[in-house]
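The block underneath contains the structure these notes are about, expressed in structure tokens.
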Amino acid sequence: MIIAVDGPAASGKGTVARALARHYNLPHLDTGLLYRAVGYTVRRLELDPRKEADAVAACDLDELTLADPALRDDDVGQLASIVSAHPLVRAALFQRQKRFANQVGGAVLDGRDIGTVIAPDADAKLFVKASAAVRARRRLAELTARGREVTYEQVLADIRARDARDSARSTAPLTQAADAASLDTSALSIDAAVARAVALVEGRVRGRSTAA
Ligand code: CDP
């Protein structure tokens, strides 16, 4: 079974995807981490994230970089949002994601374009969302817990900038797949969001098997 979980920054899609992976005992790929690693590498190599060729040169990712906790920082999120707008960067990371999605037994992937581009035939697709204010509060708590000194206003501005960039770009803009189930986590605890996600997946899978 392939489960695609998409949604904007800090919507809770990562938490939901990890919980679904545990629930169904499936491997999970946070595809945002790949784009974050490219952005981070571009900066480390002192290249220009706005230049497509520079960003492509940073697409050969090693496991050490992918495990670096600095990838979670908000400035790296911004860099990821810049490099991920280049079609050749998306193309360079495409096969790796496709392979992960199509492995025997299935997988859970989260990102911006899983249900639309990477796994359009996924068995279940969720689009996880939450208001910008709620997302900013969650991200602030996450960053503060990691010792980062940021304000609510900074985090909210970052989320709004990323939403605007991710939605306006011509390559893989942030959009909900027509056949994705919406999950608004604004007023839900983590447990409630996960329970709802499992119920939505069950509904989708049942719907598919009766349609088949
Ligand atoms: O966790 P958060 O939602 O803040 O970010 P992320 O999922 O780690 O993604 C960081 C950035 O990478 C996003 O703002 C997108 O621009 C980009 N991204 C993408 O273009 N396609 C994906 N499948 C995943 C992330």
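Labeling convention for the structure tokens: chains A, B, ... as they appear, residues from 1 per chain, ligands from 1 in order of appearance.
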Which chains and residue numbers are within 8 Å of ligand 1, counting only C-alpha atoms and all ligand atoms, if I want them as a ChimeraX atom specification?
/A:6-14,30-36,72,74,76-85,90,110-114,139,159,162-163,165-166,172-174
Would you mind writing down, as an MDAnalysis selection string, each residue of range 28-113 of chain A that DSSP on the backbone assigns to strand (DSSP E or B)?
chainID A and resid 28:30 107:111
Serialized selection, C-alpha atoms, as a PDB file, in the first residue's frame:
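Contents of out.pdb, freshly written:
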ATOM      1  CA  HIS A  28       8.485   6.350   5.568  1.00  0.00           C
ATOM      2  CA  LEU A  29      10.239   9.011   3.488  1.00  0.00           C
ATOM      3  CA  ASP A  30      10.155  12.703   4.428  1.00  0.00           C
ATOM      4  CA  ALA A 107       5.512   3.012   1.710  1.00  0.00           C
ATOM      5  CA  VAL A 108       4.389   6.293   3.213  1.00  0.00           C
ATOM      6  CA  LEU A 109       5.809   9.491   1.696  1.00  0.00           C
ATOM      7  CA  ASP A 110       5.195  13.073   2.726  1.00  0.00           C
ATOM      8  CA  GLY A 111       5.863  16.262   0.808  1.00  0.00           C
TER       9      GLY A 111
END
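The list of residues with at least one atom within 8 Å of Asp179 in chain A, based on only C-alpha atoms and without residues fewer than 2 positions apart in the same chain, reads Lys125, Ala177 and Ala181 of chain A.
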Using only C-alpha atoms, which residues sit within 6 Å of range 130-136 of chain A once same-chain residues fewer than 5 positions away are excluded, as a list in words?
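The neighbour list is Ala10, Ser11, Val155, Leu156, Asp184, Thr185 and Ser186 of chain A.
Proximity ranking of A:Asp75, A:Pro87, A:Thr210, A:Ala57 relative to Ala161 in chain A places A:Asp75 first, based on only C-alpha atoms.
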